[in-house]
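Data block for start_16.txt (compact mmCIF, C-alpha atoms):
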```txt
# COMPACT_ATOMS: atom_id res chain seq x y z
CA MET A 574 0.00 0.00 0.00
CA VAL A 575 2.77 2.40 -0.89
CA SER A 576 1.45 5.76 -1.99
CA ASN A 577 2.84 9.27 -2.30
CA LEU A 578 1.81 9.73 1.31
CA THR A 579 3.78 6.88 2.89
CA GLY A 580 6.42 8.16 5.27
CA ARG A 581 5.87 11.80 4.24
CA LYS A 582 5.47 14.55 6.78
CA ALA A 583 2.33 16.65 7.21
CA ILE A 584 1.54 19.50 9.56
CA VAL A 585 -2.06 19.77 10.73
CA ALA A 586 -3.11 22.97 12.46
CA LYS A 587 -6.18 24.94 13.36
CA LEU A 588 -6.06 28.48 12.10
CA GLY A 589 -5.60 31.27 14.61
CA MET A 590 -7.96 31.31 17.57
CA ASP A 591 -10.18 28.52 16.26
CA ALA A 592 -10.88 26.06 19.08
CA HIS A 593 -12.83 23.43 17.10
CA TRP A 594 -10.49 20.47 17.20
CA ARG A 595 -12.50 17.48 16.02
CA GLY A 596 -12.25 18.08 12.28
CA ALA A 597 -8.50 18.62 12.43
CA ILE A 598 -7.96 15.48 14.53
CA VAL A 599 -10.19 13.34 12.31
CA VAL A 600 -8.32 14.41 9.18
CA ALA A 601 -4.94 14.05 10.95
CA ASN A 602 -5.90 10.51 11.87
CA ALA A 603 -7.01 9.70 8.31
CA LEU A 604 -3.62 10.91 7.01
CA LYS A 605 -1.88 8.79 9.63
CA GLU A 606 -3.93 5.78 8.52
CA ALA A 607 -2.80 6.54 4.96
CA GLY A 608 0.82 6.21 6.15
CA MET A 609 1.77 9.84 6.71
CA GLU A 610 3.72 11.11 9.69
CA VAL A 611 1.41 13.83 10.92
CA VAL A 612 2.63 16.58 13.22
CA TYR A 613 -0.45 17.86 14.99
CA ILE A 614 0.20 21.27 16.55
CA GLY A 615 -3.27 22.33 17.67
CA HIS A 616 -3.96 25.96 16.84
CA GLY A 617 -1.22 28.08 15.45
CA THR A 618 -0.51 31.55 14.12
CA PRO A 619 0.66 31.80 10.49
CA GLY A 620 4.23 32.39 11.71
CA GLU A 621 4.18 29.34 13.95
CA ILE A 622 2.73 27.16 11.21
CA ALA A 623 5.38 28.29 8.70
CA ALA A 624 8.29 27.81 11.11
CA THR A 625 6.99 24.36 12.00
CA ALA A 626 6.65 23.39 8.32
CA VAL A 627 10.30 24.37 7.75
CA GLN A 628 11.72 22.55 10.79
CA GLU A 629 9.71 19.42 10.05
CA ASP A 630 10.49 19.56 6.29
CA ALA A 631 6.78 18.95 5.65
CA VAL A 632 5.32 18.24 2.21
CA LEU A 633 1.83 19.21 3.32
CA VAL A 634 0.26 21.82 5.57
CA GLY A 635 -3.35 20.99 6.41
CA LEU A 636 -5.33 23.85 7.91
CA SER A 637 -8.66 23.62 9.65
CA THR A 638 -11.06 26.53 9.90
CA LEU A 639 -14.53 26.57 11.41
CA SER A 640 -14.74 30.13 12.62
CA GLY A 641 -14.88 32.20 9.45
CA ASN A 642 -11.33 33.50 9.74
CA HIS A 643 -10.02 31.80 6.59
CA LEU A 644 -9.92 34.84 4.28
CA ALA A 645 -7.63 36.63 6.71
CA GLU A 646 -5.58 33.77 8.11
CA CYS A 647 -5.07 31.50 5.12
CA PRO A 648 -3.33 34.03 2.85
CA ALA A 649 -1.21 35.01 5.86
CA VAL A 650 -0.02 31.41 6.15
CA LEU A 651 0.89 31.38 2.44
CA GLU A 652 2.77 34.64 2.91
CA ARG A 653 4.76 33.35 5.90
CA LEU A 654 5.55 30.07 4.16
CA LYS A 655 6.94 32.06 1.24
CA GLU A 656 9.02 34.24 3.56
CA ALA A 657 10.37 31.09 5.19
CA GLY A 658 11.34 29.65 1.79
CA ALA A 659 8.74 26.90 1.98
CA GLU A 660 6.43 28.02 -0.83
CA GLY A 661 6.64 24.54 -2.41
CA VAL A 662 4.65 22.97 0.42
CA ILE A 663 1.13 21.80 -0.50
CA VAL A 664 -1.43 23.84 1.47
CA ALA A 665 -4.89 22.35 1.96
CA LEU A 666 -7.75 23.96 3.83
CA GLY A 667 -10.73 22.20 5.35
CA GLY A 668 -13.81 23.43 7.16
CA THR A 669 -16.71 25.83 6.70
CA VAL A 670 -15.51 27.69 3.63
CA PRO A 671 -18.22 29.12 1.33
CA PRO A 672 -17.64 28.21 -2.36
CA ALA A 673 -17.00 31.85 -3.30
CA ASP A 674 -14.28 32.12 -0.65
CA ALA A 675 -12.80 28.81 -1.78
CA GLU A 676 -12.40 30.23 -5.27
CA VAL A 677 -10.61 33.29 -3.92
CA LEU A 678 -8.26 31.16 -1.81
CA LEU A 679 -7.49 28.74 -4.65
CA LYS A 680 -6.53 31.75 -6.77
CA GLU A 681 -4.26 33.02 -4.01
CA GLY A 682 -2.35 29.76 -4.00
CA VAL A 683 -4.12 27.34 -1.68
CA ASP A 684 -3.86 23.93 -3.37
CA ALA A 685 -7.12 22.38 -2.18
CA VAL A 686 -10.21 23.37 -0.20
CA PHE A 687 -12.44 20.72 1.36
CA GLY A 688 -15.90 21.83 2.48
CA PRO A 689 -18.20 20.22 5.06
CA GLY A 690 -19.17 16.65 4.24
CA THR A 691 -16.16 15.84 2.06
CA PRO A 692 -15.50 12.08 2.48
CA LEU A 693 -12.16 11.32 4.15
CA ALA A 694 -11.25 8.99 1.30
CA GLU A 695 -11.61 11.89 -1.14
CA ILE A 696 -9.41 14.15 0.98
CA VAL A 697 -6.74 11.45 1.14
CA SER A 698 -6.84 10.70 -2.60
CA VAL A 699 -6.71 14.38 -3.62
CA LEU A 700 -3.75 15.00 -1.31
CA ASP A 701 -2.04 11.85 -2.58
CA ARG A 702 -2.35 13.17 -6.14
CA LEU A 703 -1.21 16.71 -5.25
CA ILE A 704 1.86 15.43 -3.43
CA GLY A 705 2.60 13.07 -6.32
CA GLU A 706 2.53 16.00 -8.77
CA GLN A 707 4.74 18.14 -6.56
CA MET B 1310 26.54 18.35 -5.13
CA ILE B 1311 23.34 18.17 -3.09
CA ALA B 1312 25.36 16.88 -0.15
CA ASP B 1313 27.74 19.86 -0.45
CA SER B 1314 24.96 22.42 -0.46
CA LEU B 1315 23.26 20.73 2.49
CA VAL B 1316 26.52 20.76 4.43
CA ALA B 1317 27.03 24.44 3.58
CA GLY B 1318 23.45 25.19 4.65
CA VAL B 1319 23.80 23.39 7.96
CA ARG B 1320 27.11 25.12 8.67
CA ALA B 1321 25.55 28.49 7.83
CA GLY B 1322 22.76 27.75 10.31
CA LEU B 1323 19.91 27.52 7.80
CA PRO B 1324 16.99 25.66 9.44
CA ALA B 1325 15.68 24.44 6.06
CA ALA B 1326 19.01 22.73 5.30
CA ALA B 1327 19.13 20.97 8.67
CA ALA B 1328 15.49 19.96 8.27
CA ARG B 1329 16.01 18.54 4.78
CA LEU B 1330 19.12 16.65 5.84
CA ILE B 1331 17.24 15.00 8.71
CA SER B 1332 14.51 13.89 6.24
CA LEU B 1333 17.12 12.41 3.92
CA VAL B 1334 18.69 10.57 6.86
CA GLU B 1335 15.27 9.16 7.74
CA HIS B 1336 14.82 7.94 4.17
CA GLY B 1337 18.25 6.31 4.17
CA SER B 1338 19.53 8.48 1.30
CA PRO B 1339 23.19 8.11 0.22
CA VAL B 1340 23.31 11.93 -0.04
CA ALA B 1341 22.60 12.05 3.69
CA ALA B 1342 25.38 9.57 4.40
CA ASP B 1343 27.87 11.79 2.52
CA ALA B 1344 26.69 14.97 4.23
CA LEU B 1345 26.77 13.34 7.69
CA SER B 1346 30.32 12.11 7.27
CA THR B 1347 31.44 15.58 6.16
CA LEU B 1348 29.72 17.17 9.15
CA PHE B 1349 30.97 14.62 11.67
CA PRO B 1350 34.17 16.51 12.67
CA LEU B 1351 31.97 19.48 13.61
CA THR B 1352 29.99 17.45 16.11
CA GLY B 1353 30.64 16.65 19.75
CA ARG B 1354 30.18 20.24 20.88
CA ALA B 1355 26.52 20.20 21.92
CA ARG B 1356 25.43 18.79 25.26
CA ILE B 1357 22.94 15.99 24.63
CA VAL B 1358 20.17 15.66 27.19
CA GLY B 1359 17.79 12.69 27.05
CA VAL B 1360 14.30 12.94 28.50
CA THR B 1361 12.47 9.67 29.03
CA GLY B 1362 9.68 8.22 31.14
CA PRO B 1363 6.31 6.50 30.93
CA PRO B 1364 3.44 7.85 28.78
CA GLY B 1365 1.68 10.77 30.38
CA ALA B 1366 4.43 11.54 32.91
CA GLY B 1367 4.87 14.97 31.34
CA LYS B 1368 7.94 14.56 29.15
CA SER B 1369 6.88 17.06 26.49
CA THR B 1370 5.72 19.56 29.07
CA LEU B 1371 9.05 19.24 30.88
CA VAL B 1372 10.95 19.64 27.60
CA ASP B 1373 8.97 22.81 26.90
CA ALA B 1374 9.94 24.15 30.33
CA LEU B 1375 13.58 23.10 29.89
CA VAL B 1376 13.76 24.90 26.55
CA ARG B 1377 12.42 28.08 28.17
CA CYS B 1378 15.02 27.79 30.91
CA TYR B 1379 17.93 27.26 28.50
CA ARG B 1380 16.74 30.19 26.38
CA GLN B 1381 16.79 32.43 29.45
CA ARG B 1382 20.43 31.40 29.77
CA ARG B 1383 20.95 32.47 26.16
CA GLU B 1384 21.67 28.95 24.97
CA ARG B 1385 20.46 27.71 21.59
CA VAL B 1386 18.40 24.55 21.89
CA GLY B 1387 17.42 21.69 19.62
CA VAL B 1388 14.68 19.19 20.38
CA ILE B 1389 14.22 15.77 18.80
CA ALA B 1390 10.80 14.54 19.91
CA VAL B 1391 10.00 10.92 19.10
CA ASP B 1392 6.51 9.39 18.98
CA PRO B 1393 5.52 5.89 17.89
CA SER B 1394 4.69 4.80 14.34
CA SER B 1395 1.63 2.66 13.79
CA PRO B 1396 2.74 -0.95 13.32
CA PHE B 1397 -0.19 -1.42 10.92
CA THR B 1398 -0.10 1.56 8.56
CA GLY B 1399 3.40 2.92 9.20
CA GLY B 1400 1.78 6.30 9.79
CA ALA B 1401 2.19 8.33 12.95
CA LEU B 1402 0.51 11.11 14.85
CA LEU B 1403 3.27 13.23 16.33
CA GLY B 1404 1.85 15.38 19.10
CA ASP B 1405 4.79 16.47 21.23
CA ARG B 1406 4.95 19.87 19.59
CA ILE B 1407 1.55 20.87 21.01
CA ARG B 1408 3.28 21.41 24.36
CA MET B 1409 6.13 23.38 22.80
CA ARG B 1410 4.16 25.97 20.85
CA ALA B 1411 5.73 28.89 22.64
CA HIS B 1412 9.09 28.23 20.98
CA ALA B 1413 7.85 27.70 17.41
CA GLU B 1414 9.13 31.02 16.10
CA ASP B 1415 12.18 31.44 18.30
CA PRO B 1416 15.20 31.36 15.94
CA GLY B 1417 17.29 29.97 18.82
CA VAL B 1418 15.15 26.83 18.97
CA PHE B 1419 14.87 24.01 16.43
CA ILE B 1420 12.27 21.32 17.10
CA ARG B 1421 11.91 18.18 15.03
CA SER B 1422 9.32 15.44 15.50
CA MET B 1423 10.31 11.92 14.51
CA ALA B 1424 8.37 8.67 14.25
CA THR B 1425 9.92 5.45 15.57
CA ARG B 1426 9.47 3.61 12.23
CA GLY B 1427 9.53 0.19 13.82
CA GLU B 1428 12.44 0.74 16.23
CA LEU B 1429 11.70 -0.66 19.68
CA GLY B 1430 14.23 1.14 21.88
CA GLY B 1431 12.14 4.27 22.41
CA LEU B 1432 13.83 6.26 19.63
CA SER B 1433 14.00 6.06 15.84
CA ALA B 1434 16.93 4.61 13.92
CA ALA B 1435 17.75 8.06 12.54
CA ALA B 1436 17.72 9.78 15.94
CA ALA B 1437 21.47 9.57 16.51
CA SER B 1438 22.16 11.10 13.12
CA ALA B 1439 19.51 13.77 13.62
CA VAL B 1440 21.18 14.76 16.90
CA ARG B 1441 24.49 15.08 15.05
CA VAL B 1442 22.89 17.30 12.42
CA LEU B 1443 21.62 19.63 15.15
CA ASP B 1444 25.02 19.49 16.86
CA ALA B 1445 26.79 20.53 13.63
CA PHE B 1446 24.05 23.14 13.12
CA GLY B 1447 25.58 24.92 16.11
CA LEU B 1448 23.07 24.40 18.90
CA ASP B 1449 24.40 24.39 22.46
CA VAL B 1450 22.00 21.83 23.86
CA VAL B 1451 20.08 19.07 22.08
CA ILE B 1452 17.20 17.53 24.02
CA VAL B 1453 16.06 14.09 22.89
CA GLU B 1454 12.58 13.12 24.05
CA THR B 1455 11.76 9.41 23.76
CA VAL B 1456 8.38 7.82 23.21
CA GLY B 1457 6.54 6.93 26.39
CA VAL B 1458 8.61 4.03 27.70
CA GLY B 1459 7.84 0.92 29.70
CA GLN B 1460 10.73 -0.69 31.50
CA SER B 1461 13.25 -1.62 28.87
CA GLU B 1462 13.45 1.07 26.19
CA LEU B 1463 16.97 2.19 26.81
CA ALA B 1464 18.22 3.53 23.47
CA VAL B 1465 18.38 7.09 24.78
CA ALA B 1466 21.24 6.09 27.08
CA ASP B 1467 23.30 5.37 23.95
CA LEU B 1468 22.83 8.95 22.82
CA ALA B 1469 22.65 11.31 25.75
CA ASP B 1470 25.31 12.84 28.00
CA CYS B 1471 22.69 13.03 30.74
CA VAL B 1472 19.40 11.14 30.96
CA VAL B 1473 16.49 12.74 32.79
CA LEU B 1474 13.93 10.16 33.86
CA VAL B 1475 10.49 11.68 34.38
CA CYS B 1476 7.93 9.90 36.56
CA ALA B 1477 4.48 10.86 37.70
CA PRO B 1478 3.22 10.32 41.26
CA GLY B 1479 1.19 7.25 42.14
CA THR B 1480 2.56 4.94 39.47
CA GLY B 1481 3.63 1.97 41.54
CA ASP B 1482 5.29 1.21 44.83
CA GLY B 1483 8.92 0.95 45.86
CA VAL B 1484 9.37 -2.39 44.10
CA GLN B 1485 8.69 -0.80 40.73
CA ALA B 1486 11.44 1.68 41.44
CA VAL B 1487 13.99 -1.00 42.33
CA LYS B 1488 13.49 -2.94 39.11
CA ALA B 1489 16.24 -3.08 36.55
CA GLY B 1490 15.85 -1.39 33.20
CA VAL B 1491 14.83 2.16 32.56
CA MET B 1492 15.39 3.23 36.19
CA GLU B 1493 19.05 2.36 35.82
CA ILE B 1494 19.77 4.73 32.95
CA GLY B 1495 18.54 7.84 34.77
CA ASP B 1496 21.15 10.40 35.83
CA VAL B 1497 18.64 12.93 37.09
CA PHE B 1498 15.21 11.87 38.33
CA VAL B 1499 12.16 14.08 38.09
CA VAL B 1500 8.87 13.48 39.86
CA ASN B 1501 6.57 15.68 37.83
CA LYS B 1502 3.11 16.93 38.89
CA SER B 1503 4.44 17.90 42.30
CA ASP B 1504 1.01 19.27 43.24
CA HIS B 1505 -0.29 15.68 43.34
CA PRO B 1506 -0.76 14.40 46.93
CA ASP B 1507 1.40 11.31 46.26
CA ALA B 1508 4.34 13.27 44.82
CA GLY B 1509 6.41 13.29 48.03
CA ARG B 1510 5.85 9.59 48.55
CA THR B 1511 6.93 8.75 44.99
CA ARG B 1512 10.03 10.88 45.42
CA LEU B 1513 10.94 8.93 48.57
CA ASP B 1514 10.32 5.57 46.89
CA ILE B 1515 12.69 6.48 44.08
CA ALA B 1516 15.32 7.97 46.37
CA ARG B 1517 15.34 4.83 48.57
CA ALA B 1518 15.58 2.56 45.55
CA LEU B 1519 18.55 4.57 44.30
CA GLU B 1520 20.31 4.28 47.65
CA LEU B 1521 20.10 0.49 47.43
CA ARG B 1522 21.99 0.63 44.20
CA GLY B 1523 25.14 2.04 45.74
CA GLY B 1524 27.42 4.67 44.25
CA THR B 1525 26.35 8.29 44.29
CA PRO B 1526 22.61 8.34 43.63
CA GLY B 1527 21.33 10.92 41.12
CA PRO B 1528 19.15 13.68 42.50
CA VAL B 1529 15.38 13.11 42.71
CA LEU B 1530 13.63 16.40 42.05
CA LEU B 1531 10.04 17.51 42.53
CA VAL B 1532 8.84 19.50 39.55
CA ARG B 1533 5.65 21.00 38.31
CA ALA B 1534 6.56 21.33 34.65
CA ASP B 1535 3.35 23.04 33.47
CA GLN B 1536 4.11 25.93 35.85
CA GLY B 1537 7.86 25.76 35.40
CA GLU B 1538 8.28 25.04 39.14
CA GLY B 1539 11.57 23.32 39.94
CA VAL B 1540 12.76 23.33 36.35
CA GLU B 1541 15.75 25.61 37.07
CA VAL B 1542 16.92 22.99 39.54
CA VAL B 1543 16.65 20.29 36.87
CA VAL B 1544 18.73 22.32 34.43
CA GLY B 1545 21.28 22.88 37.20
CA ALA B 1546 21.42 19.17 38.03
CA VAL B 1547 21.86 18.24 34.36
CA GLN B 1548 24.63 20.81 34.04
CA GLU B 1549 26.33 19.53 37.17
CA HIS B 1550 26.16 15.92 35.96
CA ILE B 1551 27.73 16.78 32.61
CA GLU B 1552 30.35 19.08 34.17
CA ARG B 1553 31.38 16.43 36.69
CA ALA B 1554 31.65 13.85 33.91
CA ARG B 1555 33.69 16.27 31.82
CA GLN B 1556 36.18 16.86 34.62
CA SER B 1557 36.52 13.19 35.54
CA GLY B 1558 37.01 12.19 31.91
CA ALA B 1559 33.86 10.05 32.00
CA LEU B 1560 32.14 12.25 29.41
CA ALA B 1561 34.82 11.74 26.77
CA HIS B 1562 35.03 8.07 27.62
CA ASP B 1563 31.26 7.52 27.43
CA ARG B 1564 30.98 9.40 24.15
CA GLU B 1565 33.75 7.26 22.72
CA THR B 1566 32.07 4.07 23.92
CA ARG B 1567 28.75 5.15 22.45
CA LEU B 1568 30.28 5.85 19.05
CA GLU B 1569 31.98 2.48 19.14
CA ARG B 1570 28.74 0.75 20.01
CA GLU B 1571 26.95 2.56 17.20
CA SER B 1572 29.66 1.49 14.75
CA LEU B 1573 29.40 -2.09 15.92
CA SER B 1574 25.68 -2.18 15.41
CA LEU B 1575 26.13 -0.70 11.92
CA ILE B 1576 28.78 -3.32 11.18
CA ALA B 1577 26.24 -5.97 12.13
CA ARG B 1578 23.67 -4.49 9.77
CA LEU B 1579 26.10 -4.07 6.86
CA ALA B 1580 27.63 -7.49 7.39
CA ARG B 1581 24.21 -9.12 7.35
CA ARG B 1582 23.36 -7.50 4.04
CA GLU B 1583 26.79 -8.38 2.64
CA VAL B 1584 26.47 -12.03 3.68
CA VAL B 1585 23.05 -12.41 2.09
CA ASP B 1586 24.22 -10.63 -1.10
CA ARG B 1587 27.30 -12.83 -1.46
CA LEU B 1588 25.42 -16.09 -0.93
CA GLY B 1589 23.12 -15.48 -3.86
CA ASP B 1590 19.55 -16.66 -4.33
CA THR B 1591 20.29 -20.36 -4.84
CA THR B 1592 22.23 -20.82 -1.62
CA VAL B 1593 19.76 -18.71 0.35
CA GLU B 1594 16.91 -20.83 -1.00
CA ALA B 1595 18.74 -24.07 -0.11
CA LEU B 1596 19.35 -22.86 3.45
CA ARG B 1597 15.73 -21.81 3.71
CA ARG B 1598 14.68 -25.36 2.78
CA ASP B 1599 17.11 -26.82 5.34
CA LEU B 1600 15.39 -24.71 7.97
CA ALA B 1601 11.86 -25.54 6.82
CA GLU B 1602 12.57 -29.27 6.75
CA ARG B 1603 14.41 -28.99 10.06
CA ARG B 1604 17.70 -30.36 8.82
CA LEU B 1605 19.67 -27.33 10.12
CA ASP B 1606 18.79 -25.18 13.10
CA PRO B 1607 18.98 -21.35 12.87
CA ALA B 1608 22.37 -21.22 14.61
CA ARG B 1609 23.89 -23.71 12.14
CA VAL B 1610 22.32 -21.85 9.21
CA ALA B 1611 23.93 -18.64 10.41
CA ALA B 1612 27.33 -20.32 10.78
CA VAL B 1613 27.14 -21.94 7.33
CA ALA B 1614 25.98 -18.68 5.73
CA VAL B 1615 28.80 -16.60 7.22
CA THR B 1616 31.51 -19.17 6.46
CA THR B 1617 30.31 -19.66 2.88
CA ALA B 1618 29.93 -15.94 2.22
CA PHE B 1619 33.42 -15.06 3.45
CA ALA B 1620 35.02 -18.01 1.66
CA GLN B 1621 33.40 -16.82 -1.56
CA GLY B 1622 34.38 -13.23 -0.89
CA GLY B 1623 37.99 -14.31 -0.41
CA ALA B 1624 37.99 -16.26 -3.67
CA GLN B 1625 36.51 -13.36 -5.59
CA GLY B 1626 38.44 -10.57 -4.07
```
Hey, can you dump this file as structure tokens for me?
Amino acid sequence: MVSNLTGRKAIVAKLGMDAHWRGAIVVANALKEAGMEVVYIGHGTPGEIAATAVQEDAVLVGLSTLSGNHLAECPAVLERLKEAGAEGVIVALGGTVPPADAEVLLKEGVDAVFGPGTPLAEIVSVLDRLIGEQ
Amino acid sequence: MIADSLVAGVRAGLPAAAARLISLVEHGSPVAADALSTLFPLTGRARIVGVTGPPGAGKSTLVDALVRCYRQRRERVGVIAVDPSSPFTGGALLGDRIRMRAHAEDPGVFIRSMATRGELGGLSAAAASAVRVLDAFGLDVVIVETVGVGQSELAVADLADCVVLVCAPGTGDGVQAVKAGVMEIGDVFVVNKSDHPDAGRTRLDIARALELRGGTPGPVLLVRADQGEGVEVVVGAVQEHIERARQSGALAHDRETRLERESLSLIARLARREVVDRLGDTTVEALRRDLAERRLDPARVAAVAVTTAFAQGGAQG
């Protein structure tokens, strides 16, 4: 069952002050089940997330948002990753993101946005493909 | 070429270079082997502190507090935090960093999470090399946090200049403390969660067990890591242990022994691969049948394999 995910490092974080942890943990666990080594950091500021991605040499940053802060926080994460020289990292966002906002974020450089109800298997297969193309 | 630029990056103190090199080490890349051997002469400067103890004792919380303490002393700190890999999927959920959030953006701190990847000694196979990368990177102290250990995960003792064993109150009576194994590798003992009513009792149990062992017992310290209480004393005790070992010559001697032991275990691994390669498929298959049909026992198979492989090697080379 070797995939592009096996043995690769992911960071999973909740954006900013968001305290909703279940979604992030469920996705982190699904990535673990798919063979990834998932660094779960709880909530983090864009700077913390970027520094962590660099130190862990992550291929994927998975962000969870359920508090409507994504239009402010998500581009900030992209910015800080770029500053830290880690712009090649795949950035995926999951949570309550309205389709119009998703479009904006995808244009700004987020690689994937997963709305409510996305099956875990779909999340895993999309990320597998994105990391494979990297 | 890649090895050269990684070495240059690590020497220049670029976190991304150190991070990438550790990944390559984990994946067993030949580039990593080249870079590590170039960096090796630069290592041996950092003090290596192991932190081990059972799950839930507060290892990560203590590491977080230790990092804060070292930073106040203007020392640059690395952390290698190991968590277990799933034996079923190979994946891992690495959660030690949650307790160390405060240091994420401090340029004087480099934290790396590692999964055990099937190693059973409480660390990962790449941990020793990762510590050397951080040593060459120029950090003053490298803290190695093991997985939550039971009684016999002792690999950290092969890596650290000082092992801090963290226990929580109320986890067994005096007999537990006397047992061989993980208790024996501690240099400094921490009873964490000192606000717990059983903390004093646990401290006494450990101290008495250490007295039975003879020699100079390591200090047993009450700490409340989440509040930082008693952590200064731990840093002082670690420093004292390493300084004493440095002056007596034990530090240099132990480091030498550890490198020797690491080389020996690598020799074993390389030799095993070499033996199997030299025998070739036909001989390996014949020996496998001898085993299956119980003509030769495993010890005899090993002896035959080694003798045959080296005889062939001699003839060829």
Starting from the point (1.2, 25.2, 8.5), work out which residues of protein, DNA or RNA have an atom no more than 10 Å away when counting all atoms listed in the file; state them as a ChimeraX atom specification.
/A:583-588,612-614,616-627,631,633-636,647,650-651,653-654,662-665
Take the residues that were just selected and, keeping C-alpha atoms, output them as a PDB file, in the frame of the given file.
```
ATOM      1  CA  ALA A 583       2.330  16.650   7.210  1.00  0.00           C
ATOM      2  CA  ILE A 584       1.540  19.500   9.560  1.00  0.00           C
ATOM      3  CA  VAL A 585      -2.060  19.770  10.730  1.00  0.00           C
ATOM      4  CA  ALA A 586      -3.110  22.970  12.460  1.00  0.00           C
ATOM      5  CA  LYS A 587      -6.180  24.940  13.360  1.00  0.00           C
ATOM      6  CA  LEU A 588      -6.060  28.480  12.100  1.00  0.00           C
ATOM      7  CA  VAL A 612       2.630  16.580  13.220  1.00  0.00           C
ATOM      8  CA  TYR A 613      -0.450  17.860  14.990  1.00  0.00           C
ATOM      9  CA  ILE A 614       0.200  21.270  16.550  1.00  0.00           C
ATOM     10  CA  HIS A 616      -3.960  25.960  16.840  1.00  0.00           C
ATOM     11  CA  GLY A 617      -1.220  28.080  15.450  1.00  0.00           C
ATOM     12  CA  THR A 618      -0.510  31.550  14.120  1.00  0.00           C
ATOM     13  CA  PRO A 619       0.660  31.800  10.490  1.00  0.00           C
ATOM     14  CA  GLY A 620       4.230  32.390  11.710  1.00  0.00           C
ATOM     15  CA  GLU A 621       4.180  29.340  13.950  1.00  0.00           C
ATOM     16  CA  ILE A 622       2.730  27.160  11.210  1.00  0.00           C
ATOM     17  CA  ALA A 623       5.380  28.290   8.700  1.00  0.00           C
ATOM     18  CA  ALA A 624       8.290  27.810  11.110  1.00  0.00           C
ATOM     19  CA  THR A 625       6.990  24.360  12.000  1.00  0.00           C
ATOM     20  CA  ALA A 626       6.650  23.390   8.320  1.00  0.00           C
ATOM     21  CA  VAL A 627      10.300  24.370   7.750  1.00  0.00           C
ATOM     22  CA  ALA A 631       6.780  18.950   5.650  1.00  0.00           C
ATOM     23  CA  LEU A 633       1.830  19.210   3.320  1.00  0.00           C
ATOM     24  CA  VAL A 634       0.260  21.820   5.570  1.00  0.00           C
ATOM     25  CA  GLY A 635      -3.350  20.990   6.410  1.00  0.00           C
ATOM     26  CA  LEU A 636      -5.330  23.850   7.910  1.00  0.00           C
ATOM     27  CA  CYS A 647      -5.070  31.500   5.120  1.00  0.00           C
ATOM     28  CA  VAL A 650      -0.020  31.410   6.150  1.00  0.00           C
ATOM     29  CA  LEU A 651       0.890  31.380   2.440  1.00  0.00           C
ATOM     30  CA  ARG A 653       4.760  33.350   5.900  1.00  0.00           C
ATOM     31  CA  LEU A 654       5.550  30.070   4.160  1.00  0.00           C
ATOM     32  CA  VAL A 662       4.650  22.970   0.420  1.00  0.00           C
ATOM     33  CA  ILE A 663       1.130  21.800  -0.500  1.00  0.00           C
ATOM     34  CA  VAL A 664      -1.430  23.840   1.470  1.00  0.00           C
ATOM     35  CA  ALA A 665      -4.890  22.350   1.960  1.00  0.00           C
TER      36      ALA A 665
END
```
Here atom CA of A:Gly690 and atom CA of A:Val670 stand apart by 11.6 Å
Excluding same-chain residues fewer than 5 positions from stretch 1583-1589 of chain B, what lies within 7 Å of it counting all atoms listed in the file, as a list in words?
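Counting only the stated atoms, we get Ala1614, Val1615 and Ala1618 of chain B.
Among the candidates A:Glu646, A:Glu681, A:Asp701, A:Asp591, the one nearest to A:Met609 when counting all atoms listed in the file is A:Asp701.
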Close residues, A:Asn602 itself excluded, 10 Å, all atoms listed in the file, min 6 positions apart in chain, as an MDAnalysis selection string:
(chainID A and resid 596 608:611 613 693) or (chainID B and resid 1400:1402)
Counting only C-alpha atoms, which residues from chain B have an atom at most 10 Å from any atom of chain A, and could you show them as JSON, numbers by chain?
{"B": [1324, 1325, 1326, 1327, 1328, 1329, 1330, 1331, 1332, 1335, 1336, 1392, 1393, 1394, 1395, 1397, 1398, 1399, 1400, 1401, 1402, 1403, 1404, 1405, 1406, 1407, 1408, 1409, 1410, 1411, 1412, 1413, 1414, 1415, 1416, 1418, 1419, 1420, 1421, 1422, 1423, 1424, 1426]}
Got a sec: who's within 10 Å of B:Leu1348, counting all atoms listed in the file, leaving out chain neighbours fewer than 4 positions off, as a VMD selection string?
chain B and resid 1315 to 1317 1319 to 1320 1342 to 1344 1352 1441 to 1442 1444 to 1446
Can you tell me which residues surround A:Gly668 at a distance of at most 9 Å, considering only C-alpha atoms, apart from same-chain residues fewer than 4 positions away, and format the answer as a list in words?
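Neighbouring residues, sequence-local ones excluded: Gly596, Ala597, Leu636, Ser637, Thr638, Leu639, Ser640, Val686, Phe687, Gly688 and Pro689 of chain A.
With all atoms listed in the file taken into account, every residue lying no more than 9 Å from the file point (22.5, 29.3, 20.5) is included here: Arg1380, Arg1383, Glu1384, Arg1385, Val1386, Pro1416, Gly1417, Val1418, Gly1447, Leu1448, Asp1449 and Val1450 of chain B.
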Can you measure atom CA of B:Leu1345 to atom CA of B:Arg1567 for me? One decimal in Å is fine.
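Computing the Euclidean distance for atom CA of B:Leu1345 and atom CA of B:Arg1567 yields 17.0 Å.
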